[in-house]
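Novice: Data: final-v8.txt, compact mmCIF, C-alpha atoms.
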# COMPACT_ATOMS: atom_id res chain seq x y z
CA MET A 42 20.52 -0.94 7.18
CA SER A 43 23.41 1.31 6.29
CA ASN A 44 22.92 5.07 6.51
CA LYS A 45 25.68 5.66 3.97
CA LEU A 46 24.07 6.26 0.60
CA ILE A 47 26.61 5.82 -2.18
CA PHE A 48 24.22 5.52 -5.10
CA LYS A 49 22.49 8.89 -5.51
CA ASP A 50 18.82 8.01 -5.58
CA LYS A 51 16.54 9.19 -2.79
CA PHE A 52 14.34 6.08 -2.96
CA PHE A 53 17.11 3.49 -3.05
CA ILE A 54 17.81 2.07 0.42
CA PRO A 55 21.12 0.14 0.55
CA PHE A 56 21.58 -3.01 2.58
CA ASP A 57 24.32 -3.16 5.16
CA PRO A 58 27.71 -3.98 3.64
CA ALA A 59 27.63 -7.19 5.69
CA VAL A 60 24.92 -8.63 3.41
CA ASN A 61 26.40 -11.56 1.53
CA ILE A 62 26.53 -10.65 -2.16
CA HIS A 63 26.44 -14.38 -2.94
CA SER A 64 22.91 -14.56 -1.49
CA VAL A 65 21.61 -12.66 -4.55
CA PRO A 66 19.63 -15.09 -6.75
CA ASP A 67 20.54 -15.44 -10.42
CA SER A 68 16.98 -14.91 -11.62
CA PHE A 69 14.06 -12.83 -10.40
CA ILE A 70 11.99 -14.33 -7.56
CA LEU A 71 8.32 -13.55 -6.90
CA GLN A 72 6.66 -15.65 -4.23
CA GLN A 73 4.41 -15.34 -1.16
CA GLU A 74 7.09 -16.65 1.20
CA PRO A 75 9.75 -13.96 0.89
CA HIS A 76 13.29 -14.66 -0.23
CA PRO A 77 15.82 -13.79 2.54
CA LEU A 78 16.70 -10.49 0.81
CA ALA A 79 13.01 -9.55 0.52
CA LEU A 80 12.50 -10.51 4.17
CA LEU A 81 15.44 -8.34 5.19
CA ALA A 82 13.96 -5.39 3.30
CA ALA A 83 10.45 -6.01 4.66
CA ASN A 84 11.67 -6.17 8.25
CA ASP A 85 13.54 -2.90 7.78
CA LEU A 86 10.40 -1.24 6.37
CA LYS A 87 8.24 -2.64 9.19
CA LYS A 88 10.66 -1.13 11.72
CA TYR A 89 10.27 2.23 9.99
CA LEU A 90 6.45 1.95 9.99
CA LYS A 91 6.48 1.30 13.75
CA THR A 92 8.63 4.31 14.57
CA GLN A 93 8.15 6.94 11.81
CA THR A 94 6.82 10.43 12.48
CA ASP A 95 6.90 11.68 8.87
CA TRP A 96 3.15 11.34 8.29
CA ASP A 97 -0.03 10.41 10.17
CA HIS A 98 -2.17 7.50 8.97
CA ASN A 99 -4.56 5.46 11.11
CA PHE A 100 -3.83 1.78 10.50
CA GLY A 101 -6.07 0.83 13.44
CA LEU A 102 -3.16 -0.35 15.55
CA TYR A 103 -3.45 2.27 18.30
CA PRO A 104 -6.83 2.99 19.97
CA SER A 105 -5.86 6.60 20.66
CA GLN A 106 -5.43 7.41 16.97
CA LYS A 107 -8.29 9.29 15.30
CA GLY A 108 -9.73 9.08 11.80
CA ALA A 109 -10.94 6.29 9.56
CA ILE A 110 -9.05 3.01 9.98
CA ILE A 111 -7.35 2.11 6.71
CA GLY A 112 -5.00 -0.87 6.61
CA LYS A 113 -2.54 -0.84 3.75
CA MET A 114 -0.53 -3.21 1.57
CA PHE A 115 3.17 -2.40 1.39
CA GLY A 116 5.76 -3.84 -0.96
CA VAL A 117 9.55 -4.09 -1.12
CA LEU A 118 11.68 -4.86 -4.16
CA ALA A 119 15.32 -5.87 -3.70
CA VAL A 120 17.35 -4.43 -6.58
CA LYS A 121 20.88 -4.12 -7.93
CA THR A 122 21.95 -0.71 -9.24
CA ARG A 123 24.20 -0.03 -12.22
CA GLN A 124 26.96 0.50 -9.66
CA ASN A 125 26.32 -3.08 -8.39
CA GLU A 126 24.96 -1.89 -5.05
CA ILE A 127 22.35 -4.15 -3.49
CA GLY A 128 19.41 -2.55 -1.69
CA TYR A 129 15.67 -2.16 -1.91
CA LEU A 130 12.80 0.08 -2.97
CA ALA A 131 9.56 0.47 -1.00
CA ALA A 132 5.99 1.28 -2.05
CA PHE A 133 2.42 1.29 -0.77
CA SER A 134 -0.81 0.47 -2.58
CA GLY A 135 -3.13 3.34 -3.41
CA LYS A 136 -2.55 6.46 -1.35
CA LEU A 137 -1.05 6.88 2.11
CA ALA A 138 -2.26 9.59 4.51
CA GLY A 139 -4.16 11.12 1.57
CA SER A 140 -1.05 11.60 -0.55
CA ASN A 141 1.17 9.92 -3.14
CA ASP A 142 4.29 11.81 -2.11
CA HIS A 143 6.17 10.40 0.88
CA LEU A 144 9.75 10.04 2.01
CA LYS A 145 11.10 6.50 1.48
CA PHE A 146 8.40 5.40 -1.01
CA VAL A 147 8.65 5.40 -4.80
CA PRO A 148 6.16 7.62 -6.66
CA PRO A 149 3.05 6.30 -8.43
CA VAL A 150 3.12 5.31 -12.07
CA PHE A 151 0.68 8.17 -12.71
CA ASP A 152 -0.03 10.84 -10.10
CA GLY A 153 -3.71 11.74 -10.29
CA LEU A 154 -3.33 13.98 -7.23
CA SER A 155 -0.90 16.36 -8.92
CA ASP A 156 -2.04 19.98 -8.97
CA GLN A 157 -1.63 19.97 -12.74
CA SER A 158 -3.57 16.73 -13.22
CA PHE A 159 -6.67 16.65 -15.40
CA VAL A 160 -8.09 14.30 -12.76
CA ASN A 161 -8.63 17.17 -10.33
CA ASP A 162 -10.60 19.15 -12.91
CA GLY A 163 -12.62 16.06 -13.77
CA MET A 164 -13.42 15.30 -10.13
CA ARG A 165 -14.47 18.89 -9.50
CA ALA A 166 -16.86 18.65 -12.44
CA LEU A 167 -18.34 15.45 -10.99
CA THR A 168 -18.78 17.14 -7.62
CA ARG A 169 -20.60 20.08 -9.23
CA LEU A 170 -22.95 17.70 -11.04
CA SER A 171 -23.63 15.74 -7.85
CA THR A 172 -24.37 18.94 -5.93
CA GLU A 173 -26.73 20.13 -8.65
CA ILE A 174 -28.56 16.78 -8.63
CA LYS A 175 -28.89 16.83 -4.85
CA ASP A 176 -30.23 20.41 -4.88
CA LEU A 177 -32.90 19.49 -7.42
CA GLU A 178 -33.89 16.30 -5.59
CA VAL A 179 -34.60 18.12 -2.32
CA ARG A 180 -36.80 20.78 -3.88
CA THR A 181 -40.43 20.40 -2.91
CA PRO A 182 -42.10 21.36 -6.21
CA ALA A 183 -42.44 18.54 -8.70
CA GLY A 184 -41.33 18.74 -12.31
CA PHE A 185 -37.57 18.35 -11.93
CA GLU A 186 -37.49 14.57 -12.43
CA GLU A 187 -36.52 14.74 -16.09
CA GLN A 188 -33.79 17.30 -15.42
CA VAL A 189 -32.41 15.13 -12.60
CA GLU A 190 -32.27 12.08 -14.87
CA LEU A 191 -30.47 14.08 -17.56
CA LEU A 192 -27.91 15.28 -15.04
CA LYS A 193 -27.40 11.75 -13.70
CA SER A 194 -26.80 10.51 -17.24
CA LYS A 195 -24.35 13.37 -17.83
CA ARG A 196 -22.54 12.53 -14.58
CA LYS A 197 -22.27 8.85 -15.51
CA ASN A 198 -20.90 9.64 -18.98
CA HIS A 199 -18.43 12.12 -17.54
CA SER A 200 -17.29 9.60 -14.91
CA ASN A 201 -16.76 6.87 -17.55
CA SER A 202 -14.87 9.26 -19.82
CA LEU A 203 -12.63 10.40 -16.97
CA GLN A 204 -11.89 6.81 -15.94
CA HIS A 205 -10.85 5.86 -19.47
CA GLN A 206 -8.68 8.97 -19.69
CA ILE A 207 -6.99 7.95 -16.45
CA PHE A 208 -6.39 4.41 -17.75
CA ASP A 209 -4.72 5.84 -20.85
CA HIS A 210 -2.25 7.79 -18.69
CA TYR A 211 -0.90 4.66 -16.98
CA PHE A 212 2.01 3.19 -18.95
CA PHE A 213 4.07 0.25 -17.72
CA LEU A 214 7.56 -0.82 -18.73
CA ASN A 215 9.35 -4.15 -18.74
CA GLN A 216 13.10 -4.83 -18.71
CA SER A 217 13.21 -4.54 -22.52
CA GLY A 218 11.83 -1.01 -22.36
CA GLU A 219 8.54 -2.07 -23.94
CA LYS A 220 5.74 0.27 -22.82
CA LYS A 221 2.03 -0.60 -22.62
CA SER A 222 -1.00 1.26 -21.28
CA LEU A 223 -3.48 -0.20 -18.82
CA THR A 224 -6.07 -0.36 -21.59
CA GLU A 225 -3.73 -2.40 -23.82
CA ILE A 226 -2.70 -4.72 -21.01
CA PHE A 227 -6.22 -5.59 -19.85
CA LYS A 228 -7.58 -5.85 -23.38
CA LYS A 229 -4.96 -8.53 -24.07
CA ALA A 230 -6.06 -10.27 -20.86
CA SER A 231 -9.67 -10.32 -22.19
CA TYR A 232 -11.02 -7.71 -19.78
CA LYS A 233 -13.68 -5.32 -21.07
CA ASN A 234 -12.11 -2.56 -18.98
CA PRO A 235 -9.32 -2.43 -16.37
CA PRO A 236 -10.69 -2.74 -12.82
CA SER A 237 -10.84 0.38 -10.67
CA GLY A 238 -7.54 0.99 -8.90
CA ALA A 239 -5.50 -1.03 -11.40
CA GLY A 240 -1.94 0.25 -11.57
CA GLU A 241 -1.94 1.63 -8.01
CA CYS A 242 -0.70 -1.51 -6.27
CA ALA A 243 2.77 -1.67 -4.73
CA GLY A 244 4.29 -4.28 -7.06
CA PRO A 245 3.82 -2.41 -10.36
CA LYS A 246 4.99 0.86 -8.74
CA LEU A 247 8.23 -0.81 -7.61
CA LEU A 248 9.02 -2.49 -10.91
CA GLN A 249 8.23 0.68 -12.87
CA TYR A 250 10.66 2.72 -10.79
CA ALA A 251 13.35 0.06 -11.10
CA PHE A 252 13.05 -0.09 -14.89
CA LEU A 253 12.96 3.71 -15.24
CA HIS A 254 16.20 4.00 -13.25
CA GLN A 255 18.06 1.02 -14.74
CA MET A 256 17.93 -1.06 -11.57
CA LYS A 257 17.83 -4.84 -11.83
CA PRO A 258 14.88 -6.37 -9.92
CA ILE A 259 15.96 -9.25 -7.67
CA THR A 260 12.96 -10.27 -5.58
CA LEU A 261 9.60 -8.77 -4.62
CA THR A 262 7.27 -9.33 -1.68
CA GLU A 263 4.24 -7.57 -0.17
CA PHE A 264 2.79 -7.47 3.34
CA TRP A 265 -0.34 -6.09 4.99
CA TRP A 266 0.00 -3.42 7.68
CA GLY A 267 -2.90 -2.58 10.02
CA LEU A 268 -6.43 -3.87 10.52
CA SER A 269 -8.37 -5.50 7.72
CA PRO A 270 -11.14 -3.21 6.41
CA LYS A 271 -13.98 -5.74 6.11
CA SER A 272 -12.91 -9.22 7.16
CA ASP A 273 -10.05 -11.34 8.43
CA GLN A 274 -8.72 -11.69 4.88
CA TRP A 275 -5.70 -9.49 5.61
CA LYS A 276 -3.69 -10.00 8.78
CA HIS A 277 -1.30 -7.43 10.19
CA GLY A 278 2.31 -8.09 9.23
CA HIS A 279 1.55 -11.15 7.07
CA PHE A 280 2.94 -11.63 3.58
CA TYR A 281 0.67 -12.02 0.55
CA PRO A 282 1.05 -12.63 -3.18
CA CYS A 283 0.28 -9.82 -5.60
CA CYS A 284 -3.47 -9.67 -6.31
CA LYS A 285 -4.79 -11.52 -9.33
CA GLU A 286 -7.54 -9.16 -10.49
CA LYS A 287 -5.53 -5.93 -10.67
CA CYS A 288 -1.88 -7.01 -10.74
CA GLU A 289 -1.64 -10.29 -12.63
CA PRO A 290 -2.20 -8.85 -16.14
CA ILE A 291 0.15 -5.92 -15.42
CA LEU A 292 2.89 -8.13 -13.98
CA SER A 293 2.55 -10.51 -16.92
CA HIS A 294 3.78 -7.64 -19.09
CA MET A 295 6.26 -6.13 -16.64
CA LEU A 296 7.96 -9.41 -15.75
CA SER A 297 8.29 -10.56 -19.36
CA GLY A 298 11.82 -11.89 -19.75
CA LEU A 299 12.46 -11.91 -16.01
CA ILE A 300 10.62 -15.08 -15.02
Written as structure tokens, that's how I'd like the structure from this file.
Specialist:
Amino acid sequence: MSNKLIFKDKFFIPFDPAVNIHSVPDSFILQQEPHPLALLAANDLKKYLKTQTDWDHNFGLYPSQKGAIIGKMFGVLAVKTRQNEIGYLAAFSGKLAGSNDHLKFVPPVFDGLSDQSFVNDGMRALTRLSTEIKDLEVRTPAGFEEQVELLKSKRKNHSNSLQHQIFDHYFFLNQSGEKKSLTEIFKKASYKNPPSGAGECAGPKLLQYAFLHQMKPITLTEFWWGLSPKSDQWKHGHFYPCCKEKCEPILSHMLSGLI
């Protein structure tokens, strides 16, 4: 990849000038087997993941590394800028090394870890309720059962309210500039509620950043990095399609007019 950044965007990573401009497809491509441009971007990102020292995350690839093993899905989106530069954007699903803010990776659609976020206040309230419940449950005298049940009900209601508030702060664009919330998107897809973690996958993050910064999406692919958390479902370095449960309804909106 070229180190010369002409287009002034800290998340845009240009391809080498030697990349054949004629290899750019006419229409957007989304498939499990990556297009050559997506493969070029993915290989560049994999090289970075093998050698980076910007953050510490245990993918389970090195026995000497400490901490919980958390494999991660990464995504790359080849794009064309308004200046007709060809390059790519990179993203990870969920959080990486306990943070949303990392060099080389586009930001989340909504940052619930921000110091100013209502999510932090909501989570602290849940923690206080859980602590209060635990303190009452370990007391030896009887007579606190009703109070515990009331607190558990309060905690459940607060958790549900916070989750819906979070959903309503996720808004997704498409190339026409049409904006929809998670709640709207999943209601149209006949879901009662969006699944937990919806909107935090790599694909939607990448497309959102591209649309916000007037970049034309070319092709998208995702790959798993690290050990699989529970089974052999995810294999290190392998490419996978965007997930159906969390991503399909969102991408149906975001890719409208592109495919």
Novice: If I take CA of Ile127 in chain A and CA of Asp85 in chain A, how far is one from the other in Å, to one decimal?
Specialist: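 Calculated distance between CA of Ile127 in chain A and CA of Asp85 in chain A is 14.4 Å.
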Novice: With only C-alpha atoms as the basis for distance, which of A:Gly238, A:Pro149, A:Gly128, A:Gly267 is at the shortest distance from His279 in chain A?
Specialist: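 Ranking A:Gly238, A:Pro149, A:Gly128, A:Gly267 by distance to His279 in chain A, first place goes to A:Gly267.
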Novice: Could you list, as a VMD selection string, every residue within 9 Å of range 284-291 of chain A, counting only C-alpha atoms and ignoring same-chain residues fewer than 5 positions away?
Specialist: chain A and resid 213 223 226 to 227 229 to 230 235 to 242 244 to 245 296
Novice: Using all atoms listed in the file, which residue out of A:Ala243, A:Val160, A:Leu268, A:Leu191 lies closest to Gln204 in chain A?
Specialist: A:Val160
Novice: Under the rule that all atoms listed in the file are counted, which of A:Ile54, A:Ile300, A:Ile70, A:Ile259 is the nearest residue to Tyr129 in chain A?
Specialist: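 Comparing A:Ile54, A:Ile300, A:Ile70, A:Ile259 against Tyr129 in chain A, the winner is A:Ile54.
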Novice: Please provide the set of residues having any atom within 9 Å of Ser171 in chain A, restricted to all atoms listed in the file, with same-chain residues fewer than 6 positions apart removed, written as a PyMOL selection string.
Specialist: chain A and resi 192-193+196
Novice: Between CA of Tyr250 in chain A and CA of Lys91 in chain A, what is the distance, to one decimal in Å?
Specialist: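 If I compute the distance from CA of Tyr250 in chain A to CA of Lys91 in chain A, I get 24.9 Å.
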Novice: What's around Thr262 in chain A at 7 Å? Count all atoms listed in the file, leave out sequence neighbours fewer than 3 positions away in its own chain, and write the answer as a list in words.
Specialist: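 Near neighbours after the sequence-gap exclusion: Leu71, Gln72, Gln73, Pro75, Ala79, Gly116, Val117 and Leu118 of chain A.
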Novice: So that I can see what lies close to Pro258 in chain A, please list as JSON, numbers by chain the residues with an atom at most 8 Å from it, counting all atoms listed in the file and leaving out residues fewer than 5 positions away in the same chain.
Specialist: {"A": [69, 118, 119, 120, 121, 248, 251]}
Novice: Pick the closest to Arg123 in chain A from A:Phe185, A:Phe159, A:Tyr211, A:Phe252: which is it, counting only C-alpha atoms?
Specialist: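 The closest residue to Arg123 in chain A is A:Phe252.
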Novice: As an exercise, work out the distance from CA of Ser231 in chain A to CA of Ile207 in chain A in Å and give it to one decimal place.
Specialist: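 Pair CA of Ser231 in chain A / CA of Ile207 in chain A returns 19.3 Å.
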